[in-house]
Structures are given as structure tokens and as C-alpha cells.
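Visitor: The following file, protein02.cif, comprises mmCIF, C-alpha atoms:
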data_query
loop_
_atom_site.label_atom_id
_atom_site.label_comp_id
_atom_site.auth_asym_id
_atom_site.auth_seq_id
_atom_site.Cartn_x
_atom_site.Cartn_y
_atom_site.Cartn_z
CA ARG J 24 115.08 86.07 83.20
CA LYS J 25 115.45 82.40 84.05
CA ILE J 26 113.34 81.22 87.01
CA ILE J 27 114.59 78.20 88.98
CA PHE J 28 111.98 76.55 91.20
CA GLU J 29 111.93 73.01 92.65
CA LYS J 30 114.85 71.86 90.42
CA GLN J 31 112.94 73.11 87.38
CA TRP J 32 113.97 76.11 85.26
CA PHE J 33 111.72 78.08 82.90
CA TYR J 34 110.94 81.52 81.45
CA LEU J 35 107.70 83.37 82.30
CA ASP J 36 107.38 85.28 79.00
CA ASN J 37 104.50 83.13 77.67
CA ALA J 38 102.58 83.40 80.96
CA ILE J 39 101.94 87.14 80.55
CA GLY J 40 98.29 87.82 79.73
CA HIS J 41 96.92 84.56 81.15
CA THR J 42 94.64 84.49 84.19
CA TYR J 43 95.79 83.38 87.64
CA GLY J 44 95.30 79.67 88.21
CA THR J 45 96.36 78.69 84.67
CA THR J 46 98.40 75.49 84.50
CA PHE J 47 101.40 75.38 82.14
CA GLU J 48 103.65 72.67 80.83
CA VAL J 49 107.39 73.37 80.63
CA THR J 50 108.54 72.54 77.11
CA SER J 51 112.08 72.17 75.80
CA GLY J 52 114.03 75.42 76.19
CA GLY J 53 112.15 76.36 79.36
CA ASN J 54 109.14 77.87 77.56
CA LEU J 55 105.65 77.64 79.07
CA GLN J 56 102.63 76.34 77.19
CA PRO J 57 99.07 76.23 78.61
CA LYS J 58 98.26 72.62 79.48
CA GLN J 59 95.43 71.01 77.56
CA GLU J 60 92.90 69.34 79.85
CA VAL J 61 93.04 65.63 79.08
CA GLU J 62 90.86 63.06 80.81
CA GLU J 63 93.10 60.74 82.78
CA SER J 64 92.69 57.18 81.62
CA THR J 65 92.43 54.66 84.44
CA THR J 66 95.30 52.19 84.41
CA GLU J 67 94.04 48.74 83.35
CA THR J 68 90.99 48.14 85.55
CA LYS J 69 92.96 49.27 88.61
CA GLU J 70 94.33 45.95 89.82
CA ALA J 71 95.32 46.35 93.44
CA GLY J 72 96.47 44.17 96.31
CA THR J 73 94.83 43.80 99.70
CA ASP J 74 97.80 45.04 101.76
CA ASN J 75 101.49 45.92 101.51
CA ARG J 76 102.90 43.38 103.97
CA ASN J 77 104.66 41.23 101.32
CA ILE J 78 106.30 44.18 99.50
CA VAL J 79 110.02 44.54 100.21
CA ASP J 80 111.80 47.80 99.33
CA ASP J 81 115.03 46.27 98.00
CA GLY J 82 115.45 48.68 95.08
CA LYS J 83 115.01 45.89 92.48
CA SER J 84 111.30 46.32 91.77
CA GLN J 85 111.87 48.90 88.94
CA LYS J 86 113.22 47.44 85.68
CA LEU J 87 113.96 50.86 84.12
CA THR J 88 117.37 52.23 85.08
CA HIS J 89 118.34 55.88 85.53
CA ASP J 90 120.02 55.84 82.09
CA ASP J 91 116.86 54.47 80.47
CA ILE J 92 114.77 57.31 81.95
CA LYS J 93 117.35 59.87 80.81
CA ALA J 94 117.25 58.40 77.28
CA LEU J 95 113.44 58.72 77.26
CA LYS J 96 113.73 62.36 78.32
CA ASP J 97 116.31 63.07 75.59
CA LYS J 98 113.93 61.61 72.97
CA GLY J 99 111.39 64.26 74.01
CA ILE J 100 108.87 61.87 75.55
CA LYS J 101 106.46 63.68 77.87
CA GLY J 102 106.37 63.17 81.62
CA GLN J 103 102.97 61.46 81.51
CA GLU J 104 104.32 58.73 79.21
CA ILE J 105 107.44 58.28 81.39
CA VAL J 106 105.19 57.77 84.45
CA GLN J 107 103.14 55.19 82.50
CA GLN J 108 106.31 53.28 81.56
CA LEU J 109 107.51 53.36 85.18
CA ILE J 110 104.19 51.80 86.26
CA GLU J 111 104.38 49.11 83.58
CA ASN J 112 108.00 48.23 84.50
CA SER J 113 107.35 48.06 88.25
CA THR J 114 107.06 44.49 89.53
CA THR J 115 105.40 45.47 92.81
CA PHE J 116 102.89 48.08 91.55
CA ARG J 117 99.99 45.61 91.12
CA ASP J 118 100.53 44.15 94.60
CA LYS J 119 100.18 47.55 96.29
CA THR J 120 96.90 48.75 97.77
CA GLU J 121 94.81 51.28 95.85
CA PHE J 122 95.91 54.09 98.17
CA ALA J 123 99.59 53.12 97.81
CA GLN J 124 99.21 53.08 94.01
CA ASP J 125 97.74 56.61 94.01
CA LYS J 126 100.57 57.78 96.25
CA TYR J 127 103.15 56.19 93.90
CA ILE J 128 101.63 57.82 90.80
CA LYS J 129 101.43 61.22 92.52
CA LYS J 130 105.08 61.00 93.59
CA LYS J 131 106.31 60.05 90.10
CA LYS J 132 104.18 62.77 88.45
CA LYS J 133 105.72 65.39 90.68
CA LYS J 134 109.19 64.18 89.71
CA TYR J 135 108.81 63.74 85.95
CA GLU J 136 105.88 65.94 84.86
CA ALA J 137 107.05 69.54 84.47
CA VAL J 138 103.71 71.23 85.25
CA ILE J 139 103.41 74.68 86.82
CA THR J 140 100.32 76.52 88.07
CA ILE J 141 100.61 80.26 88.61
CA VAL J 142 98.52 81.45 91.57
CA LYS J 143 97.75 84.93 92.85
CA PRO J 144 99.97 85.87 95.82
CA SER J 145 98.24 86.14 99.18
CA THR J 146 99.17 86.34 102.87
CA ARG J 147 98.41 82.64 103.34
CA ILE J 148 100.62 81.49 100.44
CA LEU J 149 103.54 83.82 101.24
CA SER J 150 103.54 83.13 104.98
CA THR J 151 103.41 79.35 104.37
CA MET J 152 106.25 79.61 101.85
CA TYR J 153 108.48 81.76 104.08
CA TYR J 154 107.86 79.52 107.11
CA ALA J 155 108.70 76.38 105.11
CA ARG J 156 111.77 77.73 103.29
CA GLU J 157 113.27 80.65 105.21
CA PRO J 158 111.73 80.83 108.73
CA GLY J 159 114.74 82.78 110.08
CA LYS J 160 113.88 85.75 107.86
CA ILE J 161 110.44 86.11 109.46
CA ASN J 162 111.56 85.36 113.06
CA HIS J 163 109.89 81.90 112.86
CA LEU J 164 106.45 83.53 112.65
CA ARG J 165 104.04 80.71 111.79
CA TYR J 166 101.09 81.41 109.48
CA ASP J 167 98.42 80.66 112.11
CA THR J 168 100.18 83.03 114.56
CA LEU J 169 100.11 85.75 111.88
CA ALA J 170 96.36 85.14 111.45
CA GLN J 171 95.89 85.52 115.23
CA MET J 172 97.83 88.82 115.13
CA LEU J 173 95.60 90.25 112.39
CA THR J 174 92.46 89.23 114.33
CA LEU J 175 93.63 90.45 117.77
CA GLY J 176 94.88 93.72 116.22
CA ASN J 177 91.43 94.37 114.66
CA ILE J 178 92.98 95.11 111.26
CA ARG J 179 90.30 96.50 108.92
CA ALA J 180 89.83 99.08 106.18
CA GLY J 181 90.01 102.71 107.27
CA ASN J 182 92.30 102.11 110.27
CA LYS J 183 95.38 104.12 111.17
CA MET J 184 97.89 101.42 112.11
CA ILE J 185 101.42 101.50 113.50
CA VAL J 186 103.50 98.49 112.42
CA MET J 187 106.94 97.68 113.78
CA GLU J 188 108.35 94.50 112.23
CA THR J 189 111.58 92.86 111.15
CA CYS J 190 109.93 90.00 109.22
CA ALA J 191 111.11 91.08 105.74
CA GLY J 192 107.84 93.03 105.24
CA LEU J 193 105.52 90.01 105.55
CA VAL J 194 103.50 91.42 108.48
CA LEU J 195 103.29 94.81 106.74
CA GLY J 196 102.03 93.13 103.55
CA ALA J 197 99.44 91.14 105.53
CA VAL J 198 98.15 94.36 107.16
CA MET J 199 98.06 96.16 103.78
CA GLU J 200 96.16 93.27 102.18
CA ARG J 201 93.50 93.24 104.91
CA MET J 202 93.10 97.04 104.84
CA GLY J 203 92.62 96.94 101.05
CA GLY J 204 94.22 100.32 100.36
CA TYR J 205 91.94 102.25 102.75
CA GLY J 206 93.34 103.95 105.83
CA SER J 207 96.96 104.70 106.66
CA ILE J 208 99.91 102.65 107.90
CA ILE J 209 103.00 103.98 109.67
CA GLN J 210 105.92 101.57 109.48
CA MET J 211 108.54 102.01 112.18
CA TYR J 212 111.95 100.78 111.07
CA PRO J 213 115.42 100.33 112.59
CA GLY J 214 118.61 101.26 110.73
CA GLY J 215 118.86 103.19 107.46
CA GLY J 216 115.55 102.27 105.85
CA PRO J 217 112.53 99.93 105.87
CA VAL J 218 112.86 96.37 104.51
CA ARG J 219 109.97 95.37 102.25
CA ALA J 220 111.18 92.28 100.36
CA ALA J 221 108.04 90.23 101.12
CA THR J 222 105.72 93.25 100.67
CA SER J 223 106.82 93.61 97.04
CA CYS J 224 105.86 89.93 96.42
CA PHE J 225 102.17 90.70 97.09
CA GLY J 226 101.93 92.71 93.86
CA PHE J 227 99.91 95.55 95.36
CA PRO J 228 98.79 98.36 93.00
CA LYS J 229 100.40 101.80 93.39
CA PRO J 230 97.45 103.40 95.31
CA PHE J 231 98.14 100.96 98.19
CA PHE J 232 101.47 102.68 98.80
CA ASP J 233 100.06 106.24 98.81
CA ASN J 234 99.04 105.98 102.48
CA LEU J 235 102.07 103.99 103.60
CA HIS J 236 104.46 106.08 105.72
CA GLU J 237 107.73 105.21 107.41
CA PHE J 238 109.44 106.60 110.50
CA PRO J 239 112.83 105.67 112.03
CA LEU J 240 112.89 104.19 115.54
CA SER J 241 115.91 106.35 116.37
CA LYS J 242 113.73 109.49 116.27
CA VAL J 243 110.85 108.21 118.44
CA ASP J 244 112.35 109.45 121.74
CA SER J 245 112.98 112.93 120.33
CA LEU J 246 109.40 113.03 118.99
CA LEU J 247 107.98 112.09 122.41
CA SER J 248 110.18 114.65 124.22
CA GLY J 249 109.30 117.39 121.74
CA THR J 250 112.85 117.92 120.46
CA PHE J 251 112.25 116.29 117.08
CA SER J 252 113.64 118.16 114.09
CA THR J 253 114.89 117.17 110.67
CA GLU J 254 118.05 118.61 109.13
CA THR J 255 117.80 122.11 107.62
CA LEU J 256 115.09 121.64 105.06
CA PRO J 257 115.58 123.52 101.77
CA SER J 258 112.45 125.63 101.48
CA GLU J 259 112.69 125.87 97.69
CA PRO J 260 114.81 123.03 96.37
CA GLU J 261 114.51 124.06 92.72
CA ASP J 262 116.12 127.47 93.33
CA ASN J 263 119.05 125.89 95.14
CA VAL J 264 119.57 123.40 92.35
CA LEU J 265 119.41 126.16 89.73
CA ALA J 266 121.94 128.23 91.66
CA GLU J 267 124.24 125.24 91.82
CA GLU J 268 123.77 124.64 88.11
CA GLU J 269 124.74 128.26 87.33
CA SER J 270 127.88 128.00 89.47
CA ASN J 271 128.69 124.66 87.81
CA GLY J 272 128.12 126.31 84.43
CA LEU J 273 130.67 129.01 85.21
CA THR J 274 133.28 126.49 86.22
CA ASP J 275 132.48 124.47 83.09
CA GLU J 276 133.12 127.50 80.90
CA LYS J 277 136.47 128.07 82.60
CA GLN J 278 137.40 124.43 82.08
CA ILE J 279 136.38 124.54 78.43
CA SER J 280 138.41 127.72 77.86
CA LEU J 281 141.44 126.06 79.46
CA GLN J 282 140.92 123.03 77.29
CA GLU J 283 140.71 125.24 74.20
CA THR J 284 144.03 126.91 75.01
CA GLU J 285 145.54 123.46 75.51
CA GLU J 286 144.14 122.41 72.15
CA GLU J 287 145.66 125.45 70.43
CA SER J 288 149.09 124.86 71.95
CA THR J 289 149.04 121.17 71.01
CA THR J 290 147.93 121.91 67.43
CA GLU J 291 150.68 124.53 67.01
CA THR J 292 153.37 122.08 68.10
CA ALA J 293 151.80 119.40 65.95
CA MET J 294 151.89 121.63 62.82
CA GLU J 295 155.62 121.92 63.19
CA ILE J 296 156.05 118.13 63.28
CA ASN J 297 153.54 116.71 60.82
CA GLN J 298 150.10 117.44 59.34
CA THR J 299 148.77 113.89 59.84
CA GLU J 300 149.71 113.97 63.53
CA GLU J 301 147.94 117.35 63.80
CA GLN J 302 144.69 115.83 62.58
CA ASP J 303 144.95 112.93 65.04
CA THR J 304 145.57 115.14 68.07
CA MET J 305 142.64 117.41 67.17
CA ASP J 306 140.30 114.41 66.96
CA ILE J 307 141.52 113.02 70.30
CA ASN J 308 141.19 116.39 72.05
CA ALA J 309 137.68 116.87 70.67
CA GLU J 310 136.68 113.45 71.99
CA ASP J 311 138.18 114.30 75.40
CA VAL J 312 136.15 117.51 75.57
CA GLU J 313 132.94 115.69 74.66
CA PHE J 314 133.65 112.97 77.23
CA LYS J 315 134.35 115.53 79.99
CA GLU J 316 131.23 117.53 79.11
CA ASN J 317 129.05 114.39 79.23
CA LYS J 318 130.59 113.36 82.55
CA GLU J 319 130.00 116.82 84.07
CA LYS J 320 126.41 116.76 82.80
CA GLU J 321 125.85 113.36 84.44
CA ASN J 322 127.35 114.61 87.71
CA LYS J 323 125.01 117.63 87.69
CA ASP J 324 122.00 115.40 87.03
CA ASN J 325 123.06 113.06 89.83
CA VAL J 326 123.46 115.95 92.30
CA ARG J 327 120.07 117.34 91.31
CA GLU J 328 118.38 113.93 91.65
CA LYS J 329 120.06 113.30 95.00
CA GLN J 330 118.91 116.68 96.34
CA ARG J 331 115.36 116.09 95.12
CA LYS J 332 115.17 112.66 96.78
CA GLN J 333 116.64 114.01 100.02
CA TRP J 334 114.11 116.84 100.07
CA GLU J 335 111.19 114.45 99.41
CA ARG J 336 112.40 112.13 102.17
CA ARG J 337 112.53 114.97 104.70
CA LYS J 338 109.10 116.16 103.61
CA LYS J 339 107.65 112.65 104.14
CA LEU J 340 109.40 112.40 107.51
CA ILE J 341 107.74 115.65 108.70
CA GLU J 342 104.32 114.40 107.46
CA THR J 343 104.74 111.09 109.31
CA ALA J 344 105.87 112.90 112.48
CA ALA J 345 102.71 115.03 112.28
CA LEU J 346 100.56 111.87 111.98
CA LEU J 347 102.24 110.32 115.02
CA THR J 348 101.99 113.43 117.19
CA GLU J 349 98.19 113.28 116.80
CA LYS J 350 98.42 110.19 119.07
CA ASN J 351 95.22 108.69 117.67
CA ALA J 352 96.42 105.45 116.04
CA ASP J 353 93.82 102.67 115.89
CA GLY J 354 96.23 99.88 116.72
CA LEU J 355 99.81 98.72 117.13
CA ILE J 356 101.47 95.58 115.74
CA VAL J 357 104.99 94.61 116.91
CA ALA J 358 106.82 91.60 115.46
CA SER J 359 110.56 92.11 115.64
CA LYS J 360 113.84 90.54 116.71
CA PHE J 361 114.29 93.32 119.28
CA HIS J 362 113.12 93.17 122.91
CA PRO J 363 109.40 94.06 122.93
CA THR J 364 109.36 95.98 126.27
CA PRO J 365 111.02 99.29 125.20
CA LEU J 366 109.22 99.16 121.84
CA LEU J 367 105.76 98.78 123.39
CA LEU J 368 106.32 101.29 126.19
CA SER J 369 107.35 104.01 123.72
CA LEU J 370 105.02 103.22 120.78
CA LEU J 371 101.88 102.84 122.94
CA GLU J 372 102.11 106.61 123.53
CA PHE J 373 100.93 107.14 119.93
CA VAL J 374 97.89 104.82 120.23
CA ALA J 375 94.46 106.21 121.10
CA PRO J 376 92.56 104.83 124.16
CA SER J 377 90.38 101.73 123.76
CA ARG J 378 92.48 100.36 120.89
CA PRO J 379 94.09 96.91 120.57
CA PHE J 380 97.82 96.15 120.42
CA VAL J 381 99.66 92.90 119.68
CA ALA J 382 103.33 91.99 120.21
CA TYR J 383 104.91 88.84 118.80
CA CYS J 384 108.10 87.18 120.02
CA GLN J 385 109.65 83.83 119.21
CA TYR J 386 110.38 83.30 122.92
CA LYS J 387 108.17 83.55 126.01
CA GLU J 388 110.57 85.23 128.49
CA PRO J 389 110.78 88.70 126.83
CA LEU J 390 106.98 88.87 126.65
CA LEU J 391 106.67 87.85 130.33
CA GLU J 392 108.92 90.76 131.26
CA CYS J 393 106.89 93.03 128.99
CA TYR J 394 103.65 91.79 130.62
CA THR J 395 104.86 92.70 134.15
CA LYS J 396 106.17 96.11 133.02
CA LEU J 397 102.84 96.99 131.40
CA ARG J 398 100.92 95.90 134.51
CA GLU J 399 103.14 98.16 136.65
CA ARG J 400 102.82 101.08 134.22
CA GLY J 401 99.04 100.83 133.81
CA GLY J 402 97.07 102.25 130.89
CA VAL J 403 96.29 98.77 129.53
CA ILE J 404 93.59 96.17 130.22
CA ASN J 405 92.78 92.62 129.08
CA LEU J 406 96.47 91.65 128.88
CA LYS J 407 96.89 88.13 127.51
CA LEU J 408 99.98 86.07 126.80
CA SER J 409 99.15 83.16 124.49
CA GLU J 410 100.66 80.48 122.28
CA THR J 411 98.81 78.92 119.36
CA TRP J 412 98.95 75.15 118.82
CA LEU J 413 98.81 73.81 115.28
CA ARG J 414 98.39 70.32 113.86
CA ASN J 415 97.99 69.60 110.15
CA TYR J 416 95.50 67.01 108.93
CA GLN J 417 95.45 65.04 105.70
CA VAL J 418 91.89 65.12 104.37
CA LEU J 419 91.32 62.51 101.63
CA PRO J 420 88.51 60.00 100.98
CA ASP J 421 88.73 57.10 103.48
CA ARG J 422 92.15 58.25 104.74
CA SER J 423 91.81 61.46 106.76
CA HIS J 424 94.22 61.52 109.68
CA PRO J 425 96.59 63.89 111.54
CA LYS J 426 99.97 64.19 109.86
CA LEU J 427 102.85 62.52 111.62
CA THR J 428 104.98 65.66 111.71
CA MET J 429 103.81 68.89 113.30
CA SER J 430 105.30 72.27 114.18
CA GLY J 431 107.12 72.47 117.53
CA GLY J 432 106.10 76.07 118.22
CA GLY J 433 104.91 79.15 116.43
CA GLY J 434 106.00 81.82 118.90
CA TYR J 435 104.06 83.77 121.54
CA LEU J 436 101.63 86.71 121.43
CA LEU J 437 101.01 89.43 123.99
CA SER J 438 97.78 91.30 123.35
CA GLY J 439 95.77 93.92 125.18
CA ILE J 440 93.66 97.08 124.95
CA THR J 441 94.77 100.61 125.77
CA VAL J 442 92.91 102.84 128.24
CA VAL J 443 93.42 106.41 129.42
CA LEU J 444 96.40 106.58 131.75
CA ASP J 445 96.19 109.22 134.50
CA LYS J 446 99.88 109.69 135.20
CA GLY J 447 99.47 111.60 138.50
CA LYS J 448 97.16 109.01 140.05
CA SER J 449 99.16 106.06 138.76
CA ASP J 450 102.40 107.40 140.30
CA SER J 451 100.84 108.03 143.73
CA SER J 452 99.06 104.66 143.79
CA HIS J 453 102.32 102.96 142.82
CA LEU J 454 104.12 104.63 145.75
CA GLU J 455 101.36 103.58 148.16
CA ALA J 456 101.55 100.01 146.90
CA LEU J 457 105.28 99.98 147.58
CA LYS J 458 104.78 101.20 151.18
CA ILE J 459 102.16 98.59 152.05
CA GLU J 460 103.48 95.03 152.12
CA GLU J 461 100.16 93.13 152.09
CA PRO J 462 98.40 92.37 148.78
CA SER J 463 95.36 94.53 147.98
CA SER J 464 92.85 91.64 148.44
CA LYS J 465 94.09 90.92 152.00
CA ARG J 466 94.20 94.63 152.80
CA CYS J 467 90.50 95.02 151.99
CA LYS J 468 89.56 92.12 154.28
CA ILE J 469 91.56 93.59 157.21
CA GLN J 470 89.85 96.97 156.77
CA ASP J 471 86.41 95.25 156.79
CA LEU J 472 87.24 93.43 160.03
CA HIS J 473 88.29 96.72 161.74
CA CYS J 474 85.02 98.33 160.73
#
If you took the structure in this file and wrote it as C-alpha cells, what would it be?
Guide:
Amino acid sequence: RKIIFEKQWFYLDNAIGHTYGTTFEVTSGGNLQPKQEVEESTTETKEAGTDNRNIVDDGKSQKLTHDDIKALKDKGIKGQEIVQQLIENSTTFRDKTEFAQDKYIKKKKKKYEAVITIVKPSTRILSTMYYAREPGKINHLRYDTLAQMLTLGNIRAGNKMIVMETCAGLVLGAVMERMGGYGSIIQMYPGGGPVRAATSCFGFPKPFFDNLHEFPLSKVDSLLSGTFSTETLPSEPEDNVLAEEESNGLTDEKQISLQETEEESTTETAMEINQTEEQDTMDINAEDVEFKENKEKENKDNVREKQRKQWERRKKLIETAALLTEKNADGLIVASKFHPTPLLLSLLEFVAPSRPFVAYCQYKEPLLECYTKLRERGGVINLKLSETWLRNYQVLPDRSHPKLTMSGGGGYLLSGITVVLDKGKSDSSHLEALKIEEPSSKRCKIQDLHC
């Protein structure tokens, strides 16, 4: 299919079989051809000015018009030659500084040279791309914040992780990439099914998905209360399908017999009218029978396939519920558009003691509320609410400096470690704390004075 990227369209057929990192040129017709490495010739002893103070951007410095450039393209002249002609026809190019000349050439090459490099997808590339192009789809999760989440969550091979995200599958893909196909991941999802648009872009092999499970958020409360149950599971799906097929077969036979009687009656009436008409009606009826038979066959196959998928889904749901009820997950990652407090309070029940958890939110206030609720509840230590600060730098010879534009904010993270929660003690201590008005630190000092 046609790929459109950065105002350039092309077909990827010729790229199949080449290694990642190969650079291609887009030829006429959108076909890709591996680019031959040519040594770049320096432009006429690199005449450059001392500064740019006398250069005025009045739009008259370039002699070539838009029509001239279009004519060059139509002739089939390559982008490199077009860039060379633009340099030659620029009246101000020689007066620019060496750095400004390099910048000009780079800008024109990007515009006129149709060169594409295919790189292997990774968390860094995908998160940067999503944040630059469609930040709303990933809840404005910046790439450095995602890196912090993976570090604070102690994501590593062999873990049993619970992931709750509504970031188009980017966080899930990042966790899967770091785990390398070892361990198990339980994805909690809202609605009808999990969204994994970004996960599919990673190009993971099939074994990576063998240990990926999903569980609906709507069934978490019933699982915690012990009332969880799936719909009546067919114990032997094949027998049920066969039974249905037999019953369908009987009805098919009845229909066919009815059709045959109809055929006979129509042919009899047709014989009385004309022999040619008789032939036509027989052909039409035969086609009708074939069409109906094919349609019924398709319907049966669809019913069978639907039943099989439904049965497999229920089976997976029971397996995932069994994994969760073990309550020994090695970590919890939450990055969703929903309020983090109810999610954390319910999902932390499935995490083993002395394990990390991380919650991301675009705004600070929901995480502040979550912080206070967790402190009241207990069972967690080392609670931290943080925001990462990011500034990009241009690193080039003799011109490294911070970039003028920087990100306003990359969201907030609440992290901590689970500990064993003694519910009886925590409830009684909470009641005592409510009775006594003074803070605990002051209370200790008063008791010491009395002694």
C-alpha cells in the first residue's frame, strides 16, 4: 500500500529483505532504491562571510522561481543537483557564515532530497514520535517520564507485572520490550477490550504475546470480593458445535426438500407454456439452491468460529483471574486518563509485599489526593510525588547550546513500595489517631515530660 510520510509518498515493496538502517532514495513512481554512498564534494573552497548582519531576508536573494524548480523536478533531475543549483543561484549564500551555510544546505536537502532511512522500532523512537505528533493519544506522557516509570517500576525479565494504561499500548509495549519475552504481564483494560495500537508498532515476535494476559477492570471488584464468575462455560465446545451442526443439517434437508417441490411445480407449469422457458427456470432455481446452500454453510462456519473464540476468551479470562488471585505480582504500572486513587487502591491488593508501584497522571491534583489516601490506608512506604524536568540541547562542533524551545511539562509520577498491611492494627490505630487531636510528634514529647 502507499505510505505517506512528511509530504512524501512511496511503496515499501523494495525495502523487504534489507537490514535496518538502510537508506533509500525515492524514485519516480514511489519505488525505493538503496542509496549509493557518494562522497560529498565541498562547494568551491567554502567561501563564507564573517557574520550575517548585512543579510536582509527580503525574499529576492533566490533567482530560481517556484516554476523553475518544478520544471527541474519534471525533467527528472535529482534532489542533490537541485540543491546545488539553489546554492549557485542564491545571491546571499557566500555572505553567510559557515554555520549558516551548513544550516541552509541541510534545510534544502530535507525539502528536495527524497531520502528515507528505515530504522528498527524502539520505545525511544515510538514515544518521541507519539509525543511530537499525537500527544493526546498517550495522555501527554513524555519520553523521559516513561523512562522514569520503567526505572521506578523495576521492570526486568522474569517479572510478573500488572499494567493499567490508556496510552494506546505504548506503556505496555515499553514494558514488553524491557522484559524481553520473559515473565508475564497482565493488562487491565476498561471497556470491551484492550487497545494495543502502539504495541503492534514494536514488531514483537509471537512468543512475546504468549505470556501477555488481559483482564477487564469491571470484574476486579468481584474478583476481590470472591464473587467472580464467567458466563456458563461450555465444557466441551466441539460437542455443542457438532450438535448444532446436526440440527442445522436437518433443517437444511427440509429446506432443500421444499425447494425441490417448488422446482417440480415450476417446471410442470413451465412445460405447459414453453420448453425454452422451462430450461431457463431450471437453471435459475439450481443457482438459487447453490447460493442458499453456500450462504447456510457460511453461517454455520461463522457460528462455529464465534463459539470457539468466545470459549477461548472465557478460558483466558479464568487463567488470568487465577494469576491475579495469587496476589504475588512483582509490580504495578498505572498510566491512564482515569482517576488514579480507585485504581491504585484496588490493584495494589494483587501486588506482593516489598514491590514497587508507579502511577502517572498528566495533572498533579489527582496524585496528591491519591498520596493522602495511601498514607491513610497504610501498606505502602517511600511514597514520592515527582515531576521530571527536560531541556533539549543541540550538540554540534563549536555550537552546542540549549534549544530555545522546551517542553512545558511531562506529567507527574507517584511511586512507592508495598509492605504487609495488618488490617486489624491499622484500623485501631486510625481510630486512636482520630480521637487524639495532637500530632504524634507532640504527643511523644508530652508523655516524656509527664514521666
Visitor: Determine the residue membership of the PyMOL selection byres ((chain J and resi 160) around 12) for the file above and supply it as a PDB file with C-alpha atoms, in the coordinates of the input.
Guide:
ATOM      1  CA  SER J 150     103.540  83.130 104.980  1.00  0.00           C
ATOM      2  CA  MET J 152     106.250  79.610 101.850  1.00  0.00           C
ATOM      3  CA  TYR J 153     108.480  81.760 104.080  1.00  0.00           C
ATOM      4  CA  TYR J 154     107.860  79.520 107.110  1.00  0.00           C
ATOM      5  CA  ALA J 155     108.700  76.380 105.110  1.00  0.00           C
ATOM      6  CA  ARG J 156     111.770  77.730 103.290  1.00  0.00           C
ATOM      7  CA  GLU J 157     113.270  80.650 105.210  1.00  0.00           C
ATOM      8  CA  PRO J 158     111.730  80.830 108.730  1.00  0.00           C
ATOM      9  CA  GLY J 159     114.740  82.780 110.080  1.00  0.00           C
ATOM     10  CA  ILE J 161     110.440  86.110 109.460  1.00  0.00           C
ATOM     11  CA  ASN J 162     111.560  85.360 113.060  1.00  0.00           C
ATOM     12  CA  HIS J 163     109.890  81.900 112.860  1.00  0.00           C
ATOM     13  CA  LEU J 164     106.450  83.530 112.650  1.00  0.00           C
ATOM     14  CA  ARG J 165     104.040  80.710 111.790  1.00  0.00           C
ATOM     15  CA  GLU J 188     108.350  94.500 112.230  1.00  0.00           C
ATOM     16  CA  THR J 189     111.580  92.860 111.150  1.00  0.00           C
ATOM     17  CA  CYS J 190     109.930  90.000 109.220  1.00  0.00           C
ATOM     18  CA  ALA J 191     111.110  91.080 105.740  1.00  0.00           C
ATOM     19  CA  GLY J 192     107.840  93.030 105.240  1.00  0.00           C
ATOM     20  CA  LEU J 193     105.520  90.010 105.550  1.00  0.00           C
ATOM     21  CA  VAL J 194     103.500  91.420 108.480  1.00  0.00           C
ATOM     22  CA  VAL J 218     112.860  96.370 104.510  1.00  0.00           C
ATOM     23  CA  ARG J 219     109.970  95.370 102.250  1.00  0.00           C
ATOM     24  CA  ALA J 220     111.180  92.280 100.360  1.00  0.00           C
ATOM     25  CA  ALA J 221     108.040  90.230 101.120  1.00  0.00           C
ATOM     26  CA  ALA J 358     106.820  91.600 115.460  1.00  0.00           C
ATOM     27  CA  SER J 359     110.560  92.110 115.640  1.00  0.00           C
ATOM     28  CA  LYS J 360     113.840  90.540 116.710  1.00  0.00           C
TER      29      LYS J 360
END
Visitor: So what do you get for CA of Gln108 in chain J versus CA of Phe33 in chain J, distance-wise?
Guide: 25.4 Å
Visitor: Which one of J:Thr348, J:Thr42, J:Gln107, J:Asn415 sits closest to Ser245 in chain J if you count all atoms listed in the file?
Guide: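 Smallest distance to Ser245 in chain J is found for J:Thr348.
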Visitor: Which residues, named as in the file, does the PyMOL selection byres ((chain J and resi 413) around 9) pick out? Answer as a list in words.
Guide: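 Here the PyMOL selection byres ((chain J and resi 413) around 9) matches Asp167, Thr411, Trp412, Arg414, Asn415, Met429, Ser430, Gly431, Gly432 and Gly433 of chain J.
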Visitor: Quick check, in Å to one decimal: how far apart do CA of Phe28 in chain J and CA of Glu48 in chain J lie?
Guide: 13.9 Å
Visitor: Tell me which of J:Ile148, J:Leu247, J:Leu346, J:Leu240 sits closest to Cys224 in chain J, counting only C-alpha atoms.
Guide: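 The answer is J:Ile148, which sits nearest to Cys224 in chain J.
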Visitor: Quick one: apply the PyMOL selection byres ((chain J and resi 394) around 12) to the file and drop the selected residues here as a count of residues only.
Guide: 32
